Amino acid sequence: MVSPQLKDGFIGIANSIWDEIISRKFTERQQKILKLILRLSYGCQKKSATIPLLTNFELCGVHIQDAKKEITYLKQCKVIEWDGKQIYSLNKNYDEWRVSLVKEWNEEKFKELISINLAVYKVTKSVSKQAGDKVESYEKCKWRLTKSGSQR
């Protein structure tokens with residue numbers, strides 16, 4: 001059984017930076033690159049990540065031929081800083097980022113969701129498995145995907 005614990009390490013990053021990453025039109029590849037850089041920098045309690053080879057981005061599913069192109073784009077858009085060799089860091093000054101907001105982004109709705117999740121709820125009923133209850137795996141889920149996850 002997996003039991004992740006904060007004592008085993010965590011990425012300490014300001015919520016406002018996560019909010020900006022969530023609200024911007026990053027491609028899946030760009031998001032993977034950002035996550036890898038964040039894990040290897042902030043996740044190692046540093047401001048920058050050392051990634052010696054572009055082939056290392058294949059660890060997160062970004063092929064070498066795409067990695068340089070996407071990293072260059074993220075640098076030109078002032079989202080990351082890159083020395084052109086092996087040092088990468090996030091530009092925390094997201095006001096400088098030149099990546100558009102997603103069309104559906106709504107700051108007020110987002111704040112409302114945050115408020116809902118920060119609210120303290122009182123548990124009024126305990127739910128537990130009872131004898132005879134069937135346990136089904138998520139793999140047997142019969143829900144259908146109604147909207148494509150990719151807009152290419």
# chains A, B, ... in the order shown; residues from 1 in each chain; ligands from 1
$ residues_around --residues "segment 70-75 of chain A" --least-positions-apart "4" --cutoff "9 Å" --atoms "only C-alpha atoms" --output "VMD selection string"
chain A and resid 29 to 30 33 to 34 66 79 to 82 84 97 to 99
$ write_last_selection --atoms "all heavy atoms" --output "JSON list (two decimals), in the first residue's frame"
[["chain", "number", "residue", "atom", "x", "y", "z"],
["A", 29, "ARG", "N", 2.51, 19.05, -23.38],
["A", 29, "ARG", "CA", 3.97, 18.95, -23.32],
["A", 29, "ARG", "C", 4.57, 20.05, -22.44],
["A", 29, "ARG", "O", 5.45, 19.79, -21.64],
["A", 29, "ARG", "CB", 4.57, 19.08, -24.72],
["A", 29, "ARG", "CG", 4.47, 17.88, -25.56],
["A", 29, "ARG", "CD", 5.25, 18.12, -26.85],
["A", 29, "ARG", "NE", 4.84, 17.18, -27.85],
["A", 29, "ARG", "CZ", 4.52, 17.50, -29.09],
["A", 29, "ARG", "NH1", 4.60, 18.74, -29.51],
["A", 29, "ARG", "NH2", 4.17, 16.57, -29.95],
["A", 30, "GLN", "N", 4.08, 21.27, -22.61],
["A", 30, "GLN", "CA", 4.59, 22.39, -21.81],
["A", 30, "GLN", "C", 4.31, 22.17, -20.33],
["A", 30, "GLN", "O", 5.15, 22.45, -19.49],
["A", 30, "GLN", "CB", 3.98, 23.70, -22.30],
["A", 30, "GLN", "CG", 4.45, 24.09, -23.69],
["A", 30, "GLN", "CD", 3.56, 25.11, -24.36],
["A", 30, "GLN", "OE1", 2.56, 25.58, -23.81],
["A", 30, "GLN", "NE2", 3.90, 25.48, -25.60],
["A", 33, "ILE", "N", 6.78, 19.63, -18.97],
["A", 33, "ILE", "CA", 8.09, 20.26, -18.80],
["A", 33, "ILE", "C", 8.10, 21.12, -17.54],
["A", 33, "ILE", "O", 9.03, 21.04, -16.72],
["A", 33, "ILE", "CB", 8.48, 21.08, -20.05],
["A", 33, "ILE", "CG1", 8.80, 20.13, -21.21],
["A", 33, "ILE", "CG2", 9.64, 22.02, -19.77],
["A", 33, "ILE", "CD1", 8.91, 20.81, -22.57],
["A", 34, "LEU", "N", 7.06, 21.93, -17.35],
["A", 34, "LEU", "CA", 6.97, 22.77, -16.15],
["A", 34, "LEU", "C", 6.95, 21.92, -14.88],
["A", 34, "LEU", "O", 7.64, 22.23, -13.91],
["A", 34, "LEU", "CB", 5.71, 23.66, -16.20],
["A", 34, "LEU", "CG", 5.76, 24.84, -17.14],
["A", 34, "LEU", "CD1", 4.39, 25.52, -17.20],
["A", 34, "LEU", "CD2", 6.83, 25.83, -16.71],
["A", 66, "ASP", "N", 10.88, 17.37, -29.47],
["A", 66, "ASP", "CA", 9.87, 18.33, -29.02],
["A", 66, "ASP", "C", 10.37, 19.16, -27.84],
["A", 66, "ASP", "O", 9.95, 20.30, -27.66],
["A", 66, "ASP", "CB", 8.59, 17.61, -28.62],
["A", 66, "ASP", "CG", 7.98, 16.84, -29.78],
["A", 66, "ASP", "OD1", 7.96, 17.38, -30.90],
["A", 66, "ASP", "OD2", 7.51, 15.71, -29.56],
["A", 79, "VAL", "N", 8.24, 32.29, -19.24],
["A", 79, "VAL", "CA", 7.70, 31.43, -18.21],
["A", 79, "VAL", "C", 8.84, 30.76, -17.44],
["A", 79, "VAL", "O", 8.78, 30.63, -16.23],
["A", 79, "VAL", "CB", 6.75, 30.36, -18.81],
["A", 79, "VAL", "CG1", 6.25, 29.40, -17.74],
["A", 79, "VAL", "CG2", 5.58, 31.03, -19.51],
["A", 80, "ILE", "N", 9.88, 30.38, -18.18],
["A", 80, "ILE", "CA", 11.04, 29.77, -17.55],
["A", 80, "ILE", "C", 12.30, 30.53, -17.94],
["A", 80, "ILE", "O", 12.30, 31.30, -18.92],
["A", 80, "ILE", "CB", 11.22, 28.27, -17.93],
["A", 80, "ILE", "CG1", 11.51, 28.12, -19.42],
["A", 80, "ILE", "CG2", 10.03, 27.45, -17.47],
["A", 80, "ILE", "CD1", 11.96, 26.72, -19.82],
["A", 81, "GLU", "N", 13.32, 30.30, -17.17],
["A", 81, "GLU", "CA", 14.65, 30.79, -17.52],
["A", 81, "GLU", "C", 15.49, 29.56, -17.80],
["A", 81, "GLU", "O", 15.39, 28.54, -17.11],
["A", 81, "GLU", "CB", 15.21, 31.62, -16.38],
["A", 81, "GLU", "CG", 14.40, 32.90, -16.16],
["A", 81, "GLU", "CD", 14.72, 33.60, -14.85],
["A", 81, "GLU", "OE1", 15.62, 33.15, -14.12],
["A", 81, "GLU", "OE2", 14.03, 34.60, -14.56],
["A", 82, "TRP", "N", 16.32, 29.63, -18.85],
["A", 82, "TRP", "CA", 17.14, 28.51, -19.27],
["A", 82, "TRP", "C", 18.47, 29.04, -19.74],
["A", 82, "TRP", "O", 18.50, 29.98, -20.55],
["A", 82, "TRP", "CB", 16.42, 27.73, -20.37],
["A", 82, "TRP", "CG", 17.17, 26.58, -20.96],
["A", 82, "TRP", "CD1", 17.94, 25.67, -20.30],
["A", 82, "TRP", "CD2", 17.19, 26.19, -22.33],
["A", 82, "TRP", "NE1", 18.44, 24.74, -21.17],
["A", 82, "TRP", "CE2", 17.99, 25.03, -22.43],
["A", 82, "TRP", "CE3", 16.60, 26.69, -23.49],
["A", 82, "TRP", "CZ2", 18.22, 24.38, -23.64],
["A", 82, "TRP", "CZ3", 16.84, 26.04, -24.68],
["A", 82, "TRP", "CH2", 17.63, 24.90, -24.77],
["A", 84, "GLY", "N", 20.44, 27.68, -21.69],
["A", 84, "GLY", "CA", 20.76, 27.13, -23.00],
["A", 84, "GLY", "C", 21.51, 25.81, -22.90],
["A", 84, "GLY", "O", 21.79, 25.17, -23.91],
["A", 97, "TRP", "N", 4.78, 36.65, -17.94],
["A", 97, "TRP", "CA", 4.48, 35.52, -18.81],
["A", 97, "TRP", "C", 3.67, 35.98, -20.02],
["A", 97, "TRP", "O", 2.72, 36.75, -19.88],
["A", 97, "TRP", "CB", 3.69, 34.45, -18.08],
["A", 97, "TRP", "CG", 4.44, 33.76, -16.97],
["A", 97, "TRP", "CD1", 5.68, 34.04, -16.49],
["A", 97, "TRP", "CD2", 3.95, 32.68, -16.19],
["A", 97, "TRP", "NE1", 5.99, 33.21, -15.47],
["A", 97, "TRP", "CE2", 4.95, 32.35, -15.25],
["A", 97, "TRP", "CE3", 2.76, 31.96, -16.17],
["A", 97, "TRP", "CZ2", 4.79, 31.33, -14.33],
["A", 97, "TRP", "CZ3", 2.61, 30.96, -15.25],
["A", 97, "TRP", "CH2", 3.62, 30.63, -14.35],
["A", 98, "ARG", "N", 4.01, 35.50, -21.18],
["A", 98, "ARG", "CA", 3.29, 35.84, -22.41],
["A", 98, "ARG", "C", 2.53, 34.63, -22.95],
["A", 98, "ARG", "O", 2.66, 34.27, -24.11],
["A", 98, "ARG", "CB", 4.27, 36.36, -23.46],
["A", 98, "ARG", "CG", 4.84, 37.72, -23.10],
["A", 98, "ARG", "CD", 5.60, 38.31, -24.26],
["A", 98, "ARG", "NE", 6.89, 38.77, -23.78],
["A", 98, "ARG", "CZ", 8.03, 38.65, -24.45],
["A", 98, "ARG", "NH1", 8.05, 38.10, -25.64],
["A", 98, "ARG", "NH2", 9.14, 39.09, -23.94],
["A", 99, "VAL", "N", 1.76, 34.02, -22.09],
["A", 99, "VAL", "CA", 0.92, 32.88, -22.45],
["A", 99, "VAL", "C", -0.50, 33.28, -22.08],
["A", 99, "VAL", "O", -0.76, 33.68, -20.95],
["A", 99, "VAL", "CB", 1.35, 31.59, -21.71],
["A", 99, "VAL", "CG1", 0.41, 30.44, -22.04],
["A", 99, "VAL", "CG2", 2.79, 31.23, -22.04]]
$ residues_around --residues "Ile13 of chain A" --least-positions-apart "5" --cutoff "9 Å" --atoms "only C-alpha atoms" --output "PyMOL selection string"
chain A and resi 18+38+42-43
$ write_last_selection --atoms "N, CA, C and O atoms" --output "PDB file, in the first residue's frame"
ATOM      1  N   TRP A  18       0.634  28.289  -8.828  1.00  0.00           N
ATOM      2  CA  TRP A  18      -0.215  27.202  -9.327  1.00  0.00           C
ATOM      3  C   TRP A  18      -1.447  27.763 -10.038  1.00  0.00           C
ATOM      4  O   TRP A  18      -1.850  27.260 -11.088  1.00  0.00           O
ATOM      5  N   LEU A  38       9.649  22.051 -11.937  1.00  0.00           N
ATOM      6  CA  LEU A  38       9.219  22.361 -10.570  1.00  0.00           C
ATOM      7  C   LEU A  38       9.609  21.253  -9.596  1.00  0.00           C
ATOM      8  O   LEU A  38      10.060  21.526  -8.488  1.00  0.00           O
ATOM      9  N   TYR A  42      12.004  23.280  -6.976  1.00  0.00           N
ATOM     10  CA  TYR A  42      11.310  23.479  -5.701  1.00  0.00           C
ATOM     11  C   TYR A  42      11.170  22.167  -4.917  1.00  0.00           C
ATOM     12  O   TYR A  42      11.251  22.156  -3.693  1.00  0.00           O
ATOM     13  N   GLY A  43      10.965  21.060  -5.620  1.00  0.00           N
ATOM     14  CA  GLY A  43      10.844  19.766  -4.961  1.00  0.00           C
ATOM     15  C   GLY A  43      12.139  19.291  -4.325  1.00  0.00           C
ATOM     16  O   GLY A  43      12.136  18.401  -3.482  1.00  0.00           O
TER      17      GLY A  43
END
$ atom_distance --atom1 "atom CA of Lys25 of chain A" --atom2 "atom CA of Lys68 of chain A"
18.8 Å
$ select_by_dssp --residues "segment 11-118 of chain A" --states "helix (DSSP H, G or I)" --output "PyMOL selection string"
chain A and resi 15-23+28-40+42-44+54-60+64-76+94-96+107-118
$ atom_distance --atom1 "atom CA of Lys103 of chain A" --atom2 "atom CA of Glu28 of chain A"
16.4 Å
$ decode --residues "segment 17-33 of chain A" --atoms "all heavy atoms" --output "PDB file, in the first residue's frame"
ATOM      1  N   ILE A  17       1.230  30.881  -7.925  1.00  0.00           N
ATOM      2  CA  ILE A  17       1.933  30.341  -9.105  1.00  0.00           C
ATOM      3  C   ILE A  17       1.131  29.182  -9.689  1.00  0.00           C
ATOM      4  O   ILE A  17       0.941  29.103 -10.904  1.00  0.00           O
ATOM      5  CB  ILE A  17       3.369  29.921  -8.748  1.00  0.00           C
ATOM      6  CG1 ILE A  17       4.200  31.170  -8.435  1.00  0.00           C
ATOM      7  CG2 ILE A  17       4.006  29.124  -9.894  1.00  0.00           C
ATOM      8  CD1 ILE A  17       5.601  30.896  -7.940  1.00  0.00           C
ATOM      9  N   TRP A  18       0.634  28.289  -8.828  1.00  0.00           N
ATOM     10  CA  TRP A  18      -0.215  27.202  -9.327  1.00  0.00           C
ATOM     11  C   TRP A  18      -1.447  27.763 -10.038  1.00  0.00           C
ATOM     12  O   TRP A  18      -1.850  27.260 -11.088  1.00  0.00           O
ATOM     13  CB  TRP A  18      -0.664  26.283  -8.184  1.00  0.00           C
ATOM     14  CG  TRP A  18       0.366  25.301  -7.738  1.00  0.00           C
ATOM     15  CD1 TRP A  18       0.860  25.164  -6.480  1.00  0.00           C
ATOM     16  CD2 TRP A  18       1.040  24.321  -8.530  1.00  0.00           C
ATOM     17  NE1 TRP A  18       1.797  24.167  -6.456  1.00  0.00           N
ATOM     18  CE2 TRP A  18       1.925  23.626  -7.698  1.00  0.00           C
ATOM     19  CE3 TRP A  18       0.979  23.965  -9.877  1.00  0.00           C
ATOM     20  CZ2 TRP A  18       2.743  22.592  -8.145  1.00  0.00           C
ATOM     21  CZ3 TRP A  18       1.793  22.937 -10.332  1.00  0.00           C
ATOM     22  CH2 TRP A  18       2.662  22.267  -9.480  1.00  0.00           C
ATOM     23  N   ASP A  19      -2.046  28.813  -9.468  1.00  0.00           N
ATOM     24  CA  ASP A  19      -3.220  29.433 -10.089  1.00  0.00           C
ATOM     25  C   ASP A  19      -2.895  29.898 -11.503  1.00  0.00           C
ATOM     26  O   ASP A  19      -3.688  29.719 -12.428  1.00  0.00           O
ATOM     27  CB  ASP A  19      -3.713  30.618  -9.261  1.00  0.00           C
ATOM     28  CG  ASP A  19      -4.174  30.232  -7.864  1.00  0.00           C
ATOM     29  OD1 ASP A  19      -4.270  29.007  -7.573  1.00  0.00           O
ATOM     30  OD2 ASP A  19      -4.415  31.144  -7.052  1.00  0.00           O
ATOM     31  N   GLU A  20      -1.736  30.497 -11.664  1.00  0.00           N
ATOM     32  CA  GLU A  20      -1.331  30.992 -12.988  1.00  0.00           C
ATOM     33  C   GLU A  20      -1.097  29.843 -13.961  1.00  0.00           C
ATOM     34  O   GLU A  20      -1.477  29.926 -15.119  1.00  0.00           O
ATOM     35  CB  GLU A  20      -0.082  31.868 -12.888  1.00  0.00           C
ATOM     36  CG  GLU A  20      -0.331  33.200 -12.234  1.00  0.00           C
ATOM     37  CD  GLU A  20      -1.366  34.052 -12.952  1.00  0.00           C
ATOM     38  OE1 GLU A  20      -1.351  34.125 -14.198  1.00  0.00           O
ATOM     39  OE2 GLU A  20      -2.203  34.650 -12.254  1.00  0.00           O
ATOM     40  N   ILE A  21      -0.493  28.772 -13.480  1.00  0.00           N
ATOM     41  CA  ILE A  21      -0.261  27.610 -14.350  1.00  0.00           C
ATOM     42  C   ILE A  21      -1.590  27.006 -14.776  1.00  0.00           C
ATOM     43  O   ILE A  21      -1.785  26.664 -15.939  1.00  0.00           O
ATOM     44  CB  ILE A  21       0.650  26.573 -13.654  1.00  0.00           C
ATOM     45  CG1 ILE A  21       2.076  27.145 -13.517  1.00  0.00           C
ATOM     46  CG2 ILE A  21       0.666  25.250 -14.427  1.00  0.00           C
ATOM     47  CD1 ILE A  21       3.014  26.319 -12.671  1.00  0.00           C
ATOM     48  N   ILE A  22      -2.523  26.907 -13.846  1.00  0.00           N
ATOM     49  CA  ILE A  22      -3.848  26.354 -14.141  1.00  0.00           C
ATOM     50  C   ILE A  22      -4.591  27.220 -15.159  1.00  0.00           C
ATOM     51  O   ILE A  22      -5.259  26.714 -16.054  1.00  0.00           O
ATOM     52  CB  ILE A  22      -4.685  26.248 -12.844  1.00  0.00           C
ATOM     53  CG1 ILE A  22      -4.117  25.176 -11.931  1.00  0.00           C
ATOM     54  CG2 ILE A  22      -6.159  25.965 -13.151  1.00  0.00           C
ATOM     55  CD1 ILE A  22      -4.671  25.228 -10.510  1.00  0.00           C
ATOM     56  N   SER A  23      -4.456  28.531 -15.032  1.00  0.00           N
ATOM     57  CA  SER A  23      -5.277  29.445 -15.834  1.00  0.00           C
ATOM     58  C   SER A  23      -4.711  29.756 -17.222  1.00  0.00           C
ATOM     59  O   SER A  23      -5.377  30.414 -18.014  1.00  0.00           O
ATOM     60  CB  SER A  23      -5.478  30.758 -15.080  1.00  0.00           C
ATOM     61  OG  SER A  23      -4.251  31.463 -14.976  1.00  0.00           O
ATOM     62  N   ARG A  24      -3.510  29.280 -17.523  1.00  0.00           N
ATOM     63  CA  ARG A  24      -2.881  29.615 -18.807  1.00  0.00           C
ATOM     64  C   ARG A  24      -3.018  28.495 -19.826  1.00  0.00           C
ATOM     65  O   ARG A  24      -3.167  27.328 -19.494  1.00  0.00           O
ATOM     66  CB  ARG A  24      -1.385  29.918 -18.604  1.00  0.00           C
ATOM     67  CG  ARG A  24      -1.072  31.012 -17.600  1.00  0.00           C
ATOM     68  CD  ARG A  24      -1.480  32.386 -18.094  1.00  0.00           C
ATOM     69  NE  ARG A  24      -1.183  33.400 -17.092  1.00  0.00           N
ATOM     70  CZ  ARG A  24      -0.399  34.441 -17.307  1.00  0.00           C
ATOM     71  NH1 ARG A  24       0.155  34.641 -18.486  1.00  0.00           N
ATOM     72  NH2 ARG A  24      -0.179  35.304 -16.342  1.00  0.00           N
ATOM     73  N   LYS A  25      -2.928  28.878 -21.111  1.00  0.00           N
ATOM     74  CA  LYS A  25      -3.044  27.935 -22.220  1.00  0.00           C
ATOM     75  C   LYS A  25      -1.707  27.238 -22.496  1.00  0.00           C
ATOM     76  O   LYS A  25      -1.063  27.485 -23.499  1.00  0.00           O
ATOM     77  CB  LYS A  25      -3.475  28.653 -23.498  1.00  0.00           C
ATOM     78  CG  LYS A  25      -4.907  29.039 -23.560  1.00  0.00           C
ATOM     79  CD  LYS A  25      -5.223  29.627 -24.931  1.00  0.00           C
ATOM     80  CE  LYS A  25      -6.653  30.037 -25.022  1.00  0.00           C
ATOM     81  NZ  LYS A  25      -6.965  30.601 -26.350  1.00  0.00           N
ATOM     82  N   PHE A  26      -1.318  26.362 -21.592  1.00  0.00           N
ATOM     83  CA  PHE A  26      -0.125  25.553 -21.812  1.00  0.00           C
ATOM     84  C   PHE A  26      -0.551  24.255 -22.480  1.00  0.00           C
ATOM     85  O   PHE A  26      -1.567  23.671 -22.108  1.00  0.00           O
ATOM     86  CB  PHE A  26       0.576  25.229 -20.490  1.00  0.00           C
ATOM     87  CG  PHE A  26       1.219  26.413 -19.829  1.00  0.00           C
ATOM     88  CD1 PHE A  26       0.732  26.896 -18.630  1.00  0.00           C
ATOM     89  CD2 PHE A  26       2.324  27.031 -20.396  1.00  0.00           C
ATOM     90  CE1 PHE A  26       1.329  27.981 -17.999  1.00  0.00           C
ATOM     91  CE2 PHE A  26       2.921  28.117 -19.779  1.00  0.00           C
ATOM     92  CZ  PHE A  26       2.430  28.596 -18.585  1.00  0.00           C
ATOM     93  N   THR A  27       0.250  23.794 -23.431  1.00  0.00           N
ATOM     94  CA  THR A  27      -0.026  22.494 -24.034  1.00  0.00           C
ATOM     95  C   THR A  27       0.335  21.412 -23.026  1.00  0.00           C
ATOM     96  O   THR A  27       0.992  21.672 -22.011  1.00  0.00           O
ATOM     97  CB  THR A  27       0.811  22.273 -25.312  1.00  0.00           C
ATOM     98  OG1 THR A  27       2.198  22.206 -24.945  1.00  0.00           O
ATOM     99  CG2 THR A  27       0.579  23.378 -26.338  1.00  0.00           C
ATOM    100  N   GLU A  28      -0.054  20.192 -23.316  1.00  0.00           N
ATOM    101  CA  GLU A  28       0.269  19.084 -22.421  1.00  0.00           C
ATOM    102  C   GLU A  28       1.790  18.934 -22.282  1.00  0.00           C
ATOM    103  O   GLU A  28       2.293  18.730 -21.182  1.00  0.00           O
ATOM    104  CB  GLU A  28      -0.338  17.790 -22.955  1.00  0.00           C
ATOM    105  CG  GLU A  28      -0.108  16.607 -22.041  1.00  0.00           C
ATOM    106  CD  GLU A  28      -0.746  15.319 -22.541  1.00  0.00           C
ATOM    107  OE1 GLU A  28      -1.495  15.357 -23.528  1.00  0.00           O
ATOM    108  OE2 GLU A  28      -0.468  14.273 -21.941  1.00  0.00           O
ATOM    109  N   ARG A  29       2.509  19.047 -23.382  1.00  0.00           N
ATOM    110  CA  ARG A  29       3.974  18.954 -23.321  1.00  0.00           C
ATOM    111  C   ARG A  29       4.566  20.046 -22.440  1.00  0.00           C
ATOM    112  O   ARG A  29       5.454  19.788 -21.636  1.00  0.00           O
ATOM    113  CB  ARG A  29       4.575  19.081 -24.719  1.00  0.00           C
ATOM    114  CG  ARG A  29       4.472  17.878 -25.563  1.00  0.00           C
ATOM    115  CD  ARG A  29       5.252  18.119 -26.849  1.00  0.00           C
ATOM    116  NE  ARG A  29       4.839  17.184 -27.849  1.00  0.00           N
ATOM    117  CZ  ARG A  29       4.522  17.495 -29.091  1.00  0.00           C
ATOM    118  NH1 ARG A  29       4.600  18.739 -29.514  1.00  0.00           N
ATOM    119  NH2 ARG A  29       4.169  16.571 -29.945  1.00  0.00           N
ATOM    120  N   GLN A  30       4.079  21.270 -22.612  1.00  0.00           N
ATOM    121  CA  GLN A  30       4.591  22.388 -21.813  1.00  0.00           C
ATOM    122  C   GLN A  30       4.309  22.169 -20.333  1.00  0.00           C
ATOM    123  O   GLN A  30       5.151  22.453 -19.487  1.00  0.00           O
ATOM    124  CB  GLN A  30       3.979  23.702 -22.305  1.00  0.00           C
ATOM    125  CG  GLN A  30       4.451  24.094 -23.692  1.00  0.00           C
ATOM    126  CD  GLN A  30       3.559  25.115 -24.363  1.00  0.00           C
ATOM    127  OE1 GLN A  30       2.565  25.576 -23.806  1.00  0.00           O
ATOM    128  NE2 GLN A  30       3.896  25.483 -25.596  1.00  0.00           N
ATOM    129  N   GLN A  31       3.124  21.650 -20.003  1.00  0.00           N
ATOM    130  CA  GLN A  31       2.793  21.364 -18.610  1.00  0.00           C
ATOM    131  C   GLN A  31       3.720  20.303 -18.032  1.00  0.00           C
ATOM    132  O   GLN A  31       4.175  20.415 -16.892  1.00  0.00           O
ATOM    133  CB  GLN A  31       1.340  20.909 -18.481  1.00  0.00           C
ATOM    134  CG  GLN A  31       0.347  22.026 -18.678  1.00  0.00           C
ATOM    135  CD  GLN A  31      -1.087  21.559 -18.508  1.00  0.00           C
ATOM    136  OE1 GLN A  31      -1.365  20.563 -17.855  1.00  0.00           O
ATOM    137  NE2 GLN A  31      -2.007  22.290 -19.113  1.00  0.00           N
ATOM    138  N   LYS A  32       4.011  19.274 -18.817  1.00  0.00           N
ATOM    139  CA  LYS A  32       4.913  18.212 -18.350  1.00  0.00           C
ATOM    140  C   LYS A  32       6.309  18.779 -18.086  1.00  0.00           C
ATOM    141  O   LYS A  32       6.939  18.436 -17.081  1.00  0.00           O
ATOM    142  CB  LYS A  32       4.983  17.085 -19.371  1.00  0.00           C
ATOM    143  CG  LYS A  32       3.737  16.238 -19.413  1.00  0.00           C
ATOM    144  CD  LYS A  32       3.857  15.152 -20.454  1.00  0.00           C
ATOM    145  CE  LYS A  32       2.628  14.258 -20.452  1.00  0.00           C
ATOM    146  NZ  LYS A  32       2.798  13.110 -21.347  1.00  0.00           N
ATOM    147  N   ILE A  33       6.781  19.634 -18.973  1.00  0.00           N
ATOM    148  CA  ILE A  33       8.094  20.260 -18.800  1.00  0.00           C
ATOM    149  C   ILE A  33       8.102  21.115 -17.536  1.00  0.00           C
ATOM    150  O   ILE A  33       9.027  21.043 -16.723  1.00  0.00           O
ATOM    151  CB  ILE A  33       8.480  21.080 -20.051  1.00  0.00           C
ATOM    152  CG1 ILE A  33       8.803  20.132 -21.209  1.00  0.00           C
ATOM    153  CG2 ILE A  33       9.643  22.019 -19.768  1.00  0.00           C
ATOM    154  CD1 ILE A  33       8.913  20.805 -22.567  1.00  0.00           C
TER     155      ILE A  33
END
